[in-house]
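Chemist: Data file work-v1.pdb (PDB, C-alpha atoms) is appended below.
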ATOM      1  CA  MET A 779      82.026  87.587  73.937
ATOM      2  CA  SER A 780      82.613  88.152  70.225
ATOM      3  CA  LYS A 781      86.075  89.509  69.399
ATOM      4  CA  HIS A 782      84.850  91.494  66.391
ATOM      5  CA  PHE A 783      82.419  94.318  65.737
ATOM      6  CA  ARG A 784      79.751  93.949  63.102
ATOM      7  CA  VAL A 785      79.600  97.243  61.222
ATOM      8  CA  PRO A 786      75.975  98.023  60.281
ATOM      9  CA  ALA A 787      75.276  98.212  56.548
ATOM     10  CA  ARG A 788      73.554 101.543  57.116
ATOM     11  CA  LEU A 789      76.773 103.268  58.297
ATOM     12  CA  PRO A 790      78.208 104.122  54.843
ATOM     13  CA  VAL A 791      74.720 105.298  53.834
ATOM     14  CA  LYS A 792      74.719 107.716  56.770
ATOM     15  CA  PHE A 793      78.224 108.862  55.793
ATOM     16  CA  LYS A 794      76.939 109.888  52.381
ATOM     17  CA  GLU A 795      73.818 111.545  53.844
ATOM     18  CA  LEU A 796      76.044 113.685  56.057
ATOM     19  CA  GLY A 797      78.545 114.526  53.353
ATOM     20  CA  VAL A 798      81.348 112.314  54.663
ATOM     21  CA  ARG A 799      83.440 110.744  51.902
ATOM     22  CA  VAL A 800      83.693 107.007  52.587
ATOM     23  CA  SER A 801      86.921 106.629  50.576
ATOM     24  CA  ALA A 802      88.599 109.426  52.550
ATOM     25  CA  VAL A 803      87.551 107.864  55.865
ATOM     26  CA  LEU A 804      88.888 104.423  54.921
ATOM     27  CA  ARG A 805      92.130 105.871  53.598
ATOM     28  CA  SER A 806      92.647 107.893  56.788
ATOM     29  CA  ALA A 807      91.868 104.825  58.916
ATOM     30  CA  GLY A 808      94.253 102.599  56.942
ATOM     31  CA  LEU A 809      91.416 100.212  56.092
ATOM     32  CA  PRO A 810      90.740  98.501  52.706
ATOM     33  CA  GLU A 811      88.984 100.685  50.154
ATOM     34  CA  ASN A 812      86.488  97.887  49.423
ATOM     35  CA  LEU A 813      85.649  97.322  53.095
ATOM     36  CA  PHE A 814      81.971  98.172  52.731
ATOM     37  CA  ASP A 815      81.607  96.049  49.594
ATOM     38  CA  GLN A 816      81.700  92.956  51.813
ATOM     39  CA  THR A 817      78.428  91.260  52.740
ATOM     40  CA  ARG A 818      79.407  91.181  56.416
ATOM     41  CA  VAL A 819      81.889  93.748  57.736
ATOM     42  CA  LEU A 820      83.772  92.626  60.858
ATOM     43  CA  LEU A 821      86.395  94.783  62.574
ATOM     44  CA  THR A 822      88.697  94.307  65.539
ATOM     45  CA  THR A 823      88.613  96.921  68.317
ATOM     46  CA  GLU A 824      91.803  98.466  66.915
ATOM     47  CA  GLU A 825      90.269  98.692  63.430
ATOM     48  CA  LEU A 826      87.001 100.097  64.776
ATOM     49  CA  PHE A 827      88.846 102.812  66.681
ATOM     50  CA  ALA A 828      90.848 103.613  63.536
ATOM     51  CA  LEU A 829      87.578 103.906  61.562
ATOM     52  CA  TRP A 830      86.060 106.384  64.028
ATOM     53  CA  ARG A 831      89.296 108.358  64.272
ATOM     54  CA  GLY A 832      89.259 108.524  60.459
ATOM     55  CA  ILE A 833      85.739 109.944  60.557
ATOM     56  CA  GLY A 834      86.831 112.606  63.025
ATOM     57  CA  LEU A 835      89.826 113.547  60.903
ATOM     58  CA  THR A 836      88.017 113.735  57.559
ATOM     59  CA  SER A 837      84.778 115.434  58.646
ATOM     60  CA  SER A 838      84.675 119.224  58.875
ATOM     61  CA  ASN A 839      81.970 118.902  61.557
ATOM     62  CA  PRO A 840      83.529 118.276  65.011
ATOM     63  CA  ALA A 841      80.167 117.040  66.297
ATOM     64  CA  ILE A 842      79.681 114.499  63.473
ATOM     65  CA  GLY A 843      79.361 111.680  66.019
ATOM     66  CA  LEU A 844      76.146 113.184  67.390
ATOM     67  CA  GLN A 845      74.524 112.997  63.958
ATOM     68  CA  LEU A 846      75.831 109.506  63.241
ATOM     69  CA  GLY A 847      74.544 108.213  66.567
ATOM     70  CA  THR A 848      71.066 109.692  66.208
ATOM     71  CA  GLU A 849      68.271 107.823  64.446
ATOM     72  CA  ALA A 850      65.173 109.791  63.439
ATOM     73  CA  LYS A 851      63.162 106.777  62.285
ATOM     74  CA  PRO A 852      62.549 103.652  64.421
ATOM     75  CA  GLU A 853      62.722 101.432  61.304
ATOM     76  CA  HIS A 854      66.420 102.271  61.034
ATOM     77  CA  PHE A 855      67.197 100.743  64.431
ATOM     78  CA  ASP A 856      68.960  97.374  64.494
ATOM     79  CA  PRO A 857      67.402  94.317  66.276
ATOM     80  CA  ILE A 858      69.240  95.042  69.537
ATOM     81  CA  ALA A 859      67.907  98.618  69.641
ATOM     82  CA  LEU A 860      64.411  97.400  68.703
ATOM     83  CA  ALA A 861      64.534  94.873  71.543
ATOM     84  CA  ALA A 862      65.625  97.669  73.887
ATOM     85  CA  LEU A 863      62.741  99.889  72.771
ATOM     86  CA  SER A 864      60.309  97.023  73.364
ATOM     87  CA  THR A 865      61.158  96.875  77.080
ATOM     88  CA  ALA A 866      59.430  98.724  79.917
ATOM     89  CA  ASN A 867      61.762 101.709  80.430
ATOM     90  CA  LEU A 868      65.265 103.085  79.849
ATOM     91  CA  GLY A 869      66.803 101.103  82.694
ATOM     92  CA  GLU A 870      65.460  97.833  81.298
ATOM     93  CA  ALA A 871      66.436  98.907  77.786
ATOM     94  CA  MET A 872      70.082  99.361  78.805
ATOM     95  CA  ARG A 873      70.154  96.031  80.643
ATOM     96  CA  GLN A 874      68.682  94.322  77.571
ATOM     97  CA  ALA A 875      71.125  96.038  75.204
ATOM     98  CA  SER A 876      74.054  95.194  77.473
ATOM     99  CA  ARG A 877      73.178  91.513  77.395
ATOM    100  CA  TYR A 878      72.758  91.332  73.638
ATOM    101  CA  LYS A 879      75.793  93.500  72.841
ATOM    102  CA  GLN A 880      77.768  90.344  73.589
ATOM    103  CA  LEU A 881      76.376  88.949  70.331
ATOM    104  CA  CYS A 882      78.021  91.410  68.015
ATOM    105  CA  CYS A 883      81.022  93.016  69.642
ATOM    106  CA  PRO A 884      83.561  93.262  72.477
ATOM    107  CA  GLU A 885      81.673  96.214  73.935
ATOM    108  CA  GLU A 886      80.050  96.506  77.349
ATOM    109  CA  ILE A 887      77.303  98.807  78.586
ATOM    110  CA  HIS A 888      77.447  99.539  82.298
ATOM    111  CA  TYR A 889      74.202 100.747  83.848
ATOM    112  CA  GLU A 890      74.267 101.895  87.475
ATOM    113  CA  SER A 891      71.336 103.330  89.373
ATOM    114  CA  ASN A 892      70.517 104.680  92.823
ATOM    115  CA  GLU A 893      67.513 106.575  94.190
ATOM    116  CA  GLU A 894      68.497 109.838  92.499
ATOM    117  CA  GLU A 895      70.598 109.131  89.391
ATOM    118  CA  SER A 896      71.181 106.461  86.766
ATOM    119  CA  SER A 897      74.414 106.467  84.745
ATOM    120  CA  ILE A 898      75.364 104.697  81.532
ATOM    121  CA  GLN A 899      78.954 104.006  80.462
ATOM    122  CA  PHE A 900      80.500 102.133  77.547
ATOM    123  CA  ARG A 901      83.575  99.960  77.937
ATOM    124  CA  TRP A 902      85.840  98.387  75.309
ATOM    125  CA  PRO A 903      87.456  95.332  76.986
ATOM    126  CA  LEU A 904      89.947  94.623  74.191
ATOM    127  CA  ALA A 905      91.050  98.231  73.638
ATOM    128  CA  ASN A 906      94.673  99.253  74.048
ATOM    129  CA  ASP A 907      94.173 102.875  73.004
ATOM    130  CA  VAL A 908      91.965 105.778  74.033
ATOM    131  CA  GLU A 909      88.481 105.513  72.558
ATOM    132  CA  PRO A 910      87.948 108.091  69.785
ATOM    133  CA  GLU A 911      85.863 111.092  70.836
ATOM    134  CA  VAL A 912      83.611 110.578  67.806
ATOM    135  CA  LEU A 913      82.769 107.063  69.034
ATOM    136  CA  THR A 914      81.954 108.380  72.523
ATOM    137  CA  ASP A 915      79.566 110.903  70.948
ATOM    138  CA  VAL A 916      77.954 108.182  68.805
ATOM    139  CA  CYS A 917      77.308 105.953  71.829
ATOM    140  CA  PHE A 918      75.732 108.650  73.981
ATOM    141  CA  ALA A 919      73.682 110.031  71.075
ATOM    142  CA  TRP A 920      72.412 106.468  70.538
ATOM    143  CA  VAL A 921      71.371 106.222  74.213
ATOM    144  CA  LEU A 922      69.551 109.555  73.934
ATOM    145  CA  SER A 923      67.744 108.335  70.798
ATOM    146  CA  ILE A 924      66.577 105.232  72.663
ATOM    147  CA  ALA A 925      65.446 107.345  75.642
ATOM    148  CA  ARG A 926      63.511 109.828  73.508
ATOM    149  CA  HIS A 927      61.939 107.336  71.112
ATOM    150  CA  GLY A 928      61.041 105.098  74.044
ATOM    151  CA  THR A 929      59.384 107.737  76.214
ATOM    152  CA  GLY A 930      57.965 109.705  73.291
ATOM    153  CA  THR A 931      59.295 112.890  74.907
ATOM    154  CA  ARG A 932      62.283 115.239  74.604
ATOM    155  CA  LEU A 933      63.800 113.556  77.646
ATOM    156  CA  THR A 934      67.033 115.227  78.741
ATOM    157  CA  PRO A 935      69.863 113.831  80.882
ATOM    158  CA  VAL A 936      71.008 115.491  84.097
ATOM    159  CA  ARG A 937      74.507 115.882  82.663
ATOM    160  CA  LEU A 938      77.065 114.469  80.295
ATOM    161  CA  GLU A 939      80.482 113.588  81.760
ATOM    162  CA  LEU A 940      83.458 113.551  79.383
ATOM    163  CA  VAL A 941      87.117 112.823  80.030
ATOM    164  CA  ARG A 942      88.193 115.070  77.124
ATOM    165  CA  PRO A 943      89.109 118.769  77.410
ATOM    166  CA  CYS A 944      86.412 121.304  76.548
ATOM    167  CA  ALA A 945      85.456 121.184  72.862
ATOM    168  CA  TYR A 946      82.317 122.078  70.797
ATOM    169  CA  GLN A 947      80.518 122.619  74.106
ATOM    170  CA  LYS A 948      77.533 124.457  72.626
ATOM    171  CA  SER A 949      76.857 121.651  70.122
ATOM    172  CA  LEU A 950      76.916 119.056  72.887
ATOM    173  CA  GLU A 951      74.703 121.089  75.215
ATOM    174  CA  ARG A 952      72.247 121.806  72.407
ATOM    175  CA  HIS A 953      72.046 118.138  71.398
ATOM    176  CA  PHE A 954      71.693 116.628  74.878
ATOM    177  CA  GLY A 955      69.876 119.549  76.504
ATOM    178  CA  CYS A 956      71.991 119.395  79.647
ATOM    179  CA  ARG A 957      75.255 120.659  81.069
ATOM    180  CA  VAL A 958      78.472 118.987  79.982
ATOM    181  CA  VAL A 959      81.271 118.315  82.466
ATOM    182  CA  PHE A 960      84.671 118.184  80.759
ATOM    183  CA  ARG A 961      87.839 116.596  82.195
ATOM    184  CA  ALA A 962      85.579 114.298  84.214
ATOM    185  CA  PRO A 963      86.910 111.049  85.742
ATOM    186  CA  ARG A 964      84.817 108.999  83.287
ATOM    187  CA  ASN A 965      82.727 109.123  80.125
ATOM    188  CA  ALA A 966      79.094 108.781  81.186
ATOM    189  CA  ILE A 967      75.590 109.984  80.411
ATOM    190  CA  VAL A 968      73.541 110.511  83.577
ATOM    191  CA  PHE A 969      69.739 110.603  83.885
ATOM    192  CA  ARG A 970      67.436 111.162  86.831
ATOM    193  CA  SER A 971      66.410 107.739  88.092
ATOM    194  CA  ALA A 972      62.772 108.817  87.892
ATOM    195  CA  ASP A 973      63.281 109.532  84.174
ATOM    196  CA  ALA A 974      65.076 106.218  83.630
ATOM    197  CA  ALA A 975      61.999 104.524  85.108
ATOM    198  CA  ARG A 976      59.497 106.391  82.869
ATOM    199  CA  PRO A 977      57.321 103.896  80.970
ATOM    200  CA  PHE A 978      58.231 103.415  77.319
ATOM    201  CA  VAL A 979      55.397 104.125  74.897
ATOM    202  CA  THR A 980      57.220 101.742  72.539
ATOM    203  CA  SER A 981      57.001  98.872  75.032
ATOM    204  CA  ASN A 982      55.909  95.867  73.003
ATOM    205  CA  ALA A 983      55.829  92.491  74.704
ATOM    206  CA  GLU A 984      54.840  90.717  71.463
ATOM    207  CA  LEU A 985      57.729  92.177  69.468
ATOM    208  CA  LEU A 986      60.153  91.420  72.303
ATOM    209  CA  ALA A 987      58.837  87.861  72.401
ATOM    210  CA  MET A 988      59.636  87.576  68.684
ATOM    211  CA  LEU A 989      63.105  89.146  68.908
ATOM    212  CA  ALA A 990      64.263  87.642  72.192
ATOM    213  CA  PRO A 991      64.338  83.942  71.155
ATOM    214  CA  GLN A 992      66.383  84.757  68.038
ATOM    215  CA  LEU A 993      68.847  86.904  69.988
ATOM    216  CA  ASP A 994      68.983  84.382  72.834
ATOM    217  CA  GLU A 995      69.812  81.594  70.404
ATOM    218  CA  GLU A 996      72.650  83.645  68.927
ATOM    219  CA  LEU A 997      73.812  84.384  72.452
ATOM    220  CA  LYS A 998      73.861  80.663  73.255
ATOM    221  CA  GLN A 999      75.859  79.905  70.119
ATOM    222  CA  ASN A1000      78.336  82.608  71.060
ATOM    223  CA  LYS A1001      78.723  81.172  74.535
ATOM    224  CA  ARG A1002      79.272  77.680  73.122
ATOM    225  CA  GLN A1003      82.094  79.074  71.002
ATOM    226  CA  GLU A1004      83.743  80.614  74.072
ATOM    227  CA  THR A1005      86.299  78.557  75.931
ATOM    228  CA  PHE A1006      85.678  77.887  79.608
ATOM    229  CA  ARG A1007      88.622  80.121  80.434
ATOM    230  CA  GLU A1008      87.038  83.001  78.488
ATOM    231  CA  ARG A1009      83.775  82.530  80.370
ATOM    232  CA  VAL A1010      85.620  82.700  83.696
ATOM    233  CA  HIS A1011      87.457  85.814  82.525
ATOM    234  CA  SER A1012      84.167  87.550  81.601
ATOM    235  CA  ALA A1013      82.527  86.571  84.898
ATOM    236  CA  ILE A1014      85.478  87.926  86.891
ATOM    237  CA  GLN A1015      85.392  91.264  85.062
ATOM    238  CA  LYS A1016      81.695  91.674  85.821
ATOM    239  CA  LYS A1017      82.407  91.184  89.516
ATOM    240  CA  LEU A1018      85.456  93.470  89.717
ATOM    241  CA  THR A1019      83.524  96.382  91.167
ATOM    242  CA  GLY A1020      85.368  97.319  94.334
ATOM    243  CA  ARG A1021      86.264  93.914  95.693
ATOM    244  CA  ARG A1022      88.299  90.894  94.701
ATOM    245  CA  PRO A1023      85.926  88.192  93.383
ATOM    246  CA  ARG A1024      86.132  84.867  95.178
ATOM    247  CA  ILE A1025      86.261  81.625  93.257
ATOM    248  CA  GLN A1026      82.951  80.644  94.886
ATOM    249  CA  ASP A1027      81.270  83.778  93.492
ATOM    250  CA  VAL A1028      82.485  83.123  89.954
ATOM    251  CA  ALA A1029      81.590  79.432  90.140
ATOM    252  CA  ARG A1030      78.071  80.358  91.237
ATOM    253  CA  GLU A1031      77.804  82.787  88.304
ATOM    254  CA  LEU A1032      78.796  80.006  85.887
ATOM    255  CA  ARG A1033      76.612  77.430  87.678
ATOM    256  CA  VAL A1034      79.439  75.024  88.438
ATOM    257  CA  SER A1035      81.148  73.990  91.659
ATOM    258  CA  SER A1036      84.386  75.657  92.755
ATOM    259  CA  ARG A1037      86.180  72.338  92.389
ATOM    260  CA  SER A1038      84.854  71.864  88.851
ATOM    261  CA  LEU A1039      85.902  75.409  87.917
ATOM    262  CA  GLN A1040      89.432  74.797  89.169
ATOM    263  CA  ARG A1041      89.648  71.466  87.351
ATOM    264  CA  HIS A1042      88.494  72.930  84.013
ATOM    265  CA  LEU A1043      91.032  75.743  84.284
ATOM    266  CA  GLN A1044      93.823  73.312  85.148
ATOM    267  CA  ASP A1045      92.900  71.204  82.108
ATOM    268  CA  SER A1046      93.388  74.305  79.938
ATOM    269  CA  GLY A1047      96.767  75.016  81.537
ATOM    270  CA  SER A1048      95.546  77.915  83.635
ATOM    271  CA  SER A1049      94.314  78.728  87.137
ATOM    272  CA  PHE A1050      91.775  81.000  88.816
ATOM    273  CA  GLN A1051      94.515  83.332  90.087
ATOM    274  CA  ARG A1052      96.055  83.643  86.628
ATOM    275  CA  VAL A1053      92.716  84.463  84.961
ATOM    276  CA  LEU A1054      91.948  86.938  87.771
ATOM    277  CA  GLU A1055      95.223  88.764  87.152
ATOM    278  CA  GLU A1056      94.597  88.819  83.382
ATOM    279  CA  ALA A1057      91.127  90.310  83.971
ATOM    280  CA  ARG A1058      92.577  92.894  86.344
ATOM    281  CA  ARG A1059      95.312  93.787  83.875
ATOM    282  CA  GLN A1060      92.819  94.303  81.049
ATOM    283  CA  LEU A1061      90.549  96.470  83.181
ATOM    284  CA  ALA A1062      93.522  98.413  84.562
ATOM    285  CA  ARG A1063      94.598  99.292  81.026
ATOM    286  CA  HIS A1064      91.030 100.413  80.282
ATOM    287  CA  TYR A1065      90.776 102.617  83.390
ATOM    288  CA  LEU A1066      94.158 104.247  82.801
ATOM    289  CA  THR A1067      93.510 104.792  79.091
ATOM    290  CA  ASN A1068      89.872 105.894  79.042
ATOM    291  CA  SER A1069      89.272 107.615  82.356
ATOM    292  CA  MET A1070      90.749 110.224  84.674
ATOM    293  CA  LEU A1071      90.458 107.954  87.705
ATOM    294  CA  GLU A1072      93.107 108.468  90.359
ATOM    295  CA  LEU A1073      95.351 105.455  90.955
ATOM    296  CA  ASN A1074      93.765 104.784  94.330
ATOM    297  CA  GLU A1075      90.308 104.790  92.698
ATOM    298  CA  ALA A1076      91.444 102.357  90.014
ATOM    299  CA  ALA A1077      93.036 100.167  92.689
ATOM    300  CA  TYR A1078      89.737 100.070  94.589
ATOM    301  CA  LEU A1079      87.687  99.136  91.520
ATOM    302  CA  LEU A1080      90.146  96.341  90.723
ATOM    303  CA  GLY A1081      89.769  94.873  94.201
ATOM    304  CA  TYR A1082      93.195  95.774  95.615
ATOM    305  CA  GLU A1083      93.485  96.585  99.304
ATOM    306  CA  ASP A1084      95.706  99.613  98.684
ATOM    307  CA  VAL A1085      97.281 101.576  95.855
ATOM    308  CA  ASN A1086     100.767 100.147  96.501
ATOM    309  CA  SER A1087      99.538  96.617  95.797
ATOM    310  CA  PHE A1088      98.061  97.822  92.525
ATOM    311  CA  VAL A1089     101.261  99.663  91.530
ATOM    312  CA  ARG A1090     103.370  96.559  92.222
ATOM    313  CA  ALA A1091     101.035  94.360  90.182
ATOM    314  CA  PHE A1092     100.953  96.826  87.293
ATOM    315  CA  ARG A1093     104.730  97.102  87.222
ATOM    316  CA  THR A1094     104.891  93.305  86.982
ATOM    317  CA  TRP A1095     102.475  93.322  84.028
ATOM    318  CA  GLU A1096     103.798  96.254  82.018
ATOM    319  CA  GLY A1097     107.341  96.797  83.309
ATOM    320  CA  ILE A1098     106.662 100.421  84.359
ATOM    321  CA  PRO A1099     104.497 102.141  87.017
ATOM    322  CA  PRO A1100     100.864 102.903  86.047
ATOM    323  CA  ALA A1101     101.395 106.684  86.124
ATOM    324  CA  HIS A1102     104.239 106.430  83.574
ATOM    325  CA  TRP A1103     102.223 104.027  81.410
ATOM    326  CA  ARG A1104      99.218 106.385  81.414
ATOM    327  CA  GLN A1105     101.377 109.374  80.450
ATOM    328  CA  ALA A1106     102.902 107.431  77.540
ATOM    329  CA  ARG A1107      99.419 106.511  76.308
ATOM    330  CA  ARG A1108      98.247 110.111  76.473
ATOM    331  CA  GLU A1109     101.272 111.283  74.504
ATOM    332  CA  LYS A1110     100.646 108.589  71.900
ATOM    333  CA  ALA A1111      96.956 109.570  71.610
ATOM    334  CA  ALA A1112      97.886 113.243  71.240
ATOM    335  CA  SER A1113     100.221 112.411  68.350
ATOM    336  CA  ILE A1114      97.574 110.484  66.379
TER     337      ILE A1114
END
Rewrite the structure of this file - the entire thing - as structure tokens.
Modeler:
Amino acid sequence: MSKHFRVPARLPVKFKELGVRVSAVLRSAGLPENLFDQTRVLLTTEELFALWRGIGLTSSNPAIGLQLGTEAKPEHFDPIALAALSTANLGEAMRQASRYKQLCCPEEIHYESNEEESSIQFRWPLANDVEPEVLTDVCFAWVLSIARHGTGTRLTPVRLELVRPCAYQKSLERHFGCRVVFRAPRNAIVFRSADAARPFVTSNAELLAMLAPQLDEELKQNKRQETFRERVHSAIQKKLTGRRPRIQDVARELRVSSRSLQRHLQDSGSSFQRVLEEARRQLARHYLTNSMLELNEAAYLLGYEDVNSFVRAFRTWEGIPPAHWRQARREKAASI
């Protein structure tokens, strides 16, 4: 996984189109005034969050993220979005985008589906602060753009779930065409599974065949740059979905034997248990910062048998109980 975000060259252009002063945004974010003069703009998660907070602070439009995340013309989509549009349907598009997101940023797209509903969430593995509301709006507006361009219809979600308190509700409902649930346990955009399976009119096997090899090659280069320990860490996080991953499961994911996995980690001065705890700690910080999950729910997702085990582990990591840590984070976010 890349540790930096590539900022698209079109972003400052969109700022100007929407009347957002680039200099004011950068000044508010504490970023260099010549940031967008660079050929390739790379930001850490902390810098990216600062950028989007700056946009929210300097724009007079509280729903600016919806406009920034919406593309009216397919030619303005980046290669990852074009590859997504070339797939069969929204579900496949999100799986494709999730895989290739690893190329350009420490950002994850989680797509879950059952017979009735399909939900899409964004996760920021390296984040230590609450994700800016503007960024949340951008991400979900982007998903809606993909869904509508792909199906060629005014496809609407079932609902939008937001952790934040109620704000600019009418703008959100008008943009997404669905009800918005505020103070939800998570940030998610939810579609009917039947809609997520609707065929894309933009499906283009030839274009995907052209884009996929290039993106796959970049993906391979990225993976070669990752250390073995980082690959184990990523594999563990993918499998932390309600149960504690076993070393055999992770080894199978990485296509090595359990013994080989242990040996490689020992050679790097680590162990499977240590990497597991680091992955749990990172995800715990994410859940407590960017969701309203109860502690027992977070404990379950992290693979702990009970909430007390999770609380003990968290106190070891951070020095204070998770409830106190979460409250401190909320107070810090409120003061920004």
Chemist: Which residues, written as a PyMOL selection string, have at least one atom at most 9 Å from segment 1017-1019 of chain A, with all atoms listed in the file counted and residues fewer than 5 positions away on the same chain left out?
Modeler: chain A and resi 1012+1027-1028+1057-1058+1061+1078-1081
Chemist: Applying the PyMOL selection byres ((chain A and resi 899-903) around 8) to the file I just gave you, which residues come out? Please list them as a PyMOL selection string.
Modeler: chain A and resi 823+884-889+897-898+904-905+917+965-967+1060-1061+1064
Chemist: For atom CA of Ala802 of chain A and atom CA of Gly832 of chain A, determine how far apart the two atoms are, in Å to one decimal place.
Modeler: 8.0 Å
Chemist: One number please: atom CA of Asn982 of chain A to atom CA of Pro786 of chain A, in Å, one decimal.
Modeler: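 About the pair atom CA of Asn982 of chain A and atom CA of Pro786 of chain A: they are 23.9 Å apart.
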Chemist: Figure out the distance between atom CA of Phe918 of chain A and atom CA of Glu893 of chain A, please, to one decimal in Å.
Modeler: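 Those two atoms sit 21.9 Å apart.
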Chemist: Using all atoms listed in the file, can you tell me which of A:Gln1040, A:Ile924, A:Thr929, A:Glu811 comes closest to Ala850 of chain A?
Modeler: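 When distances to Ala850 of chain A are compared using all atoms listed in the file, the smallest one comes from A:Ile924.
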Chemist: Check which residues satisfy the PyMOL selection byres ((chain A and resi 940-945) around 7) in the file shown, then give them as a list of chain:residue names.
Modeler: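 Here the PyMOL selection byres ((chain A and resi 940-945) around 7) matches A:Leu938, A:Glu939, A:Tyr946, A:Gln947, A:Val959, A:Phe960, A:Arg961, A:Ala962, A:Pro963, A:Arg964, A:Asn965, A:Ala966, A:Ser1069, A:Met1070.
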Chemist: Would you write out those residues with C-alpha atoms, as a short mmCIF file (atom, residue, chain, number, x, y, z; two decimals), in the coordinates of the input?
Modeler:
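Just written: out.cif:
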data_model
loop_
_atom_site.label_atom_id
_atom_site.label_comp_id
_atom_site.auth_asym_id
_atom_site.auth_seq_id
_atom_site.Cartn_x
_atom_site.Cartn_y
_atom_site.Cartn_z
CA LEU A 938 77.06 114.47 80.30
CA GLU A 939 80.48 113.59 81.76
CA TYR A 946 82.32 122.08 70.80
CA GLN A 947 80.52 122.62 74.11
CA VAL A 959 81.27 118.32 82.47
CA PHE A 960 84.67 118.18 80.76
CA ARG A 961 87.84 116.60 82.20
CA ALA A 962 85.58 114.30 84.21
CA PRO A 963 86.91 111.05 85.74
CA ARG A 964 84.82 109.00 83.29
CA ASN A 965 82.73 109.12 80.12
CA ALA A 966 79.09 108.78 81.19
CA SER A 1069 89.27 107.62 82.36
CA MET A 1070 90.75 110.22 84.67
#
Chemist: Would you be able to write out as a list in words which residues have an atom within 9 Å of (88.8, 79.2, 79.6) in the file's coordinates, counting all atoms listed in the file?
Modeler: Glu1004, Thr1005, Phe1006, Arg1007, Glu1008, Arg1009, Val1010, His1011, His1042, Leu1043, Ser1046, Ser1048 and Val1053 of chain A
Chemist: Do you know which residues the PyMOL selection byres ((chain A and resi 1026) around 12) returns on this file, as a list in words?
Modeler: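 Taken over the shown coordinates, the PyMOL selection byres ((chain A and resi 1026) around 12) returns Val1010, Ala1013, Ile1014, Lys1017, Arg1022, Pro1023, Arg1024, Ile1025, Asp1027, Val1028, Ala1029, Arg1030, Glu1031, Leu1032, Arg1033, Val1034, Ser1035, Ser1036, Arg1037, Ser1038, Leu1039, Gln1040 and Phe1050 of chain A.
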Chemist: Counting only C-alpha atoms, which of A:Leu789, A:Leu835, A:Val912, A:Val798 gets nearest to Leu950 of chain A?
Modeler: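 Ranking A:Leu789, A:Leu835, A:Val912, A:Val798 by distance to Leu950 of chain A, first place goes to A:Val912.
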Chemist: Measuring between all atoms listed in the file, which one of A:Glu1072, A:Glu909, A:Glu890, A:Asp1084 shows the shortest distance to Ala1101 of chain A?
Modeler: A:Glu1072
Chemist: Any idea what's packed within 9 Å of Leu796 of chain A, counting only C-alpha atoms, ignoring anything in its chain fewer than 3 positions away? Could you give it as JSON, numbers by chain?
Modeler: {"A": [791, 792, 793, 799, 842, 845, 846]}
Chemist: Around the point (104.3, 102.9, 91.7) (coordinates from the file), which residues reach within 7 Å if we count only C-alpha atoms? Answer as a ChimeraX atom specification.
Modeler: /A:1086,1089-1090,1099-1100
Chemist: Of the candidates A:Val936, A:Ala925, A:Ile833, A:Val979, which one gets nearest to Gly797 of chain A if we count all atoms listed in the file?
Modeler: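 Using all atoms listed in the file, Gly797 of chain A sits closest to A:Ile833.
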Chemist: Could you name the residues that touch segment 868-870 of chain A at 9 Å or less, counting all atoms listed in the file, but leaving out those on the same chain fewer than 4 positions away, as a PyMOL selection string?
Modeler: chain A and resi 862-863+874-875+889-891+896+921+924-925+928-929+971+973-978
Chemist: Using all atoms listed in the file, pick whichever of A:Lys794, A:Gly1020, A:Phe783, A:Trp1095 has the shortest atom-to-atom distance to Val819 of chain A.
Modeler: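 Among A:Lys794, A:Gly1020, A:Phe783, A:Trp1095, it is A:Phe783 that comes nearest to Val819 of chain A.
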Chemist: Quick one: what's the axis-aligned box for segment 1012-1022 of chain A, all listed atoms, 8 Å on every side, centre and edges in Å to one decimal, as lines of an AutoDock Vina configuration file?
Modeler:
center_x = 85.0
center_y = 91.9
center_z = 88.6
size_x = 22.6
size_y = 26.7
size_z = 30.1
Chemist: Let me make sure I understand: among A:Thr980, A:Asp907, A:Gly1097, A:Ser806, which one has the smallest atom-to-atom distance to Thr931 of chain A if we use only C-alpha atoms?
Modeler: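 So, comparing all the options, the nearest one is A:Thr980.
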Chemist: Which polymer residues have any atom within 10 Å of an atom of Arg818 of chain A, counting all atoms listed in the file, with same-chain residues fewer than 5 positions away left out, as a list in words?
Modeler: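 So, after excluding close chain neighbours, the residues are Arg784, Val785, Pro786, Ala787 and Leu813 of chain A.
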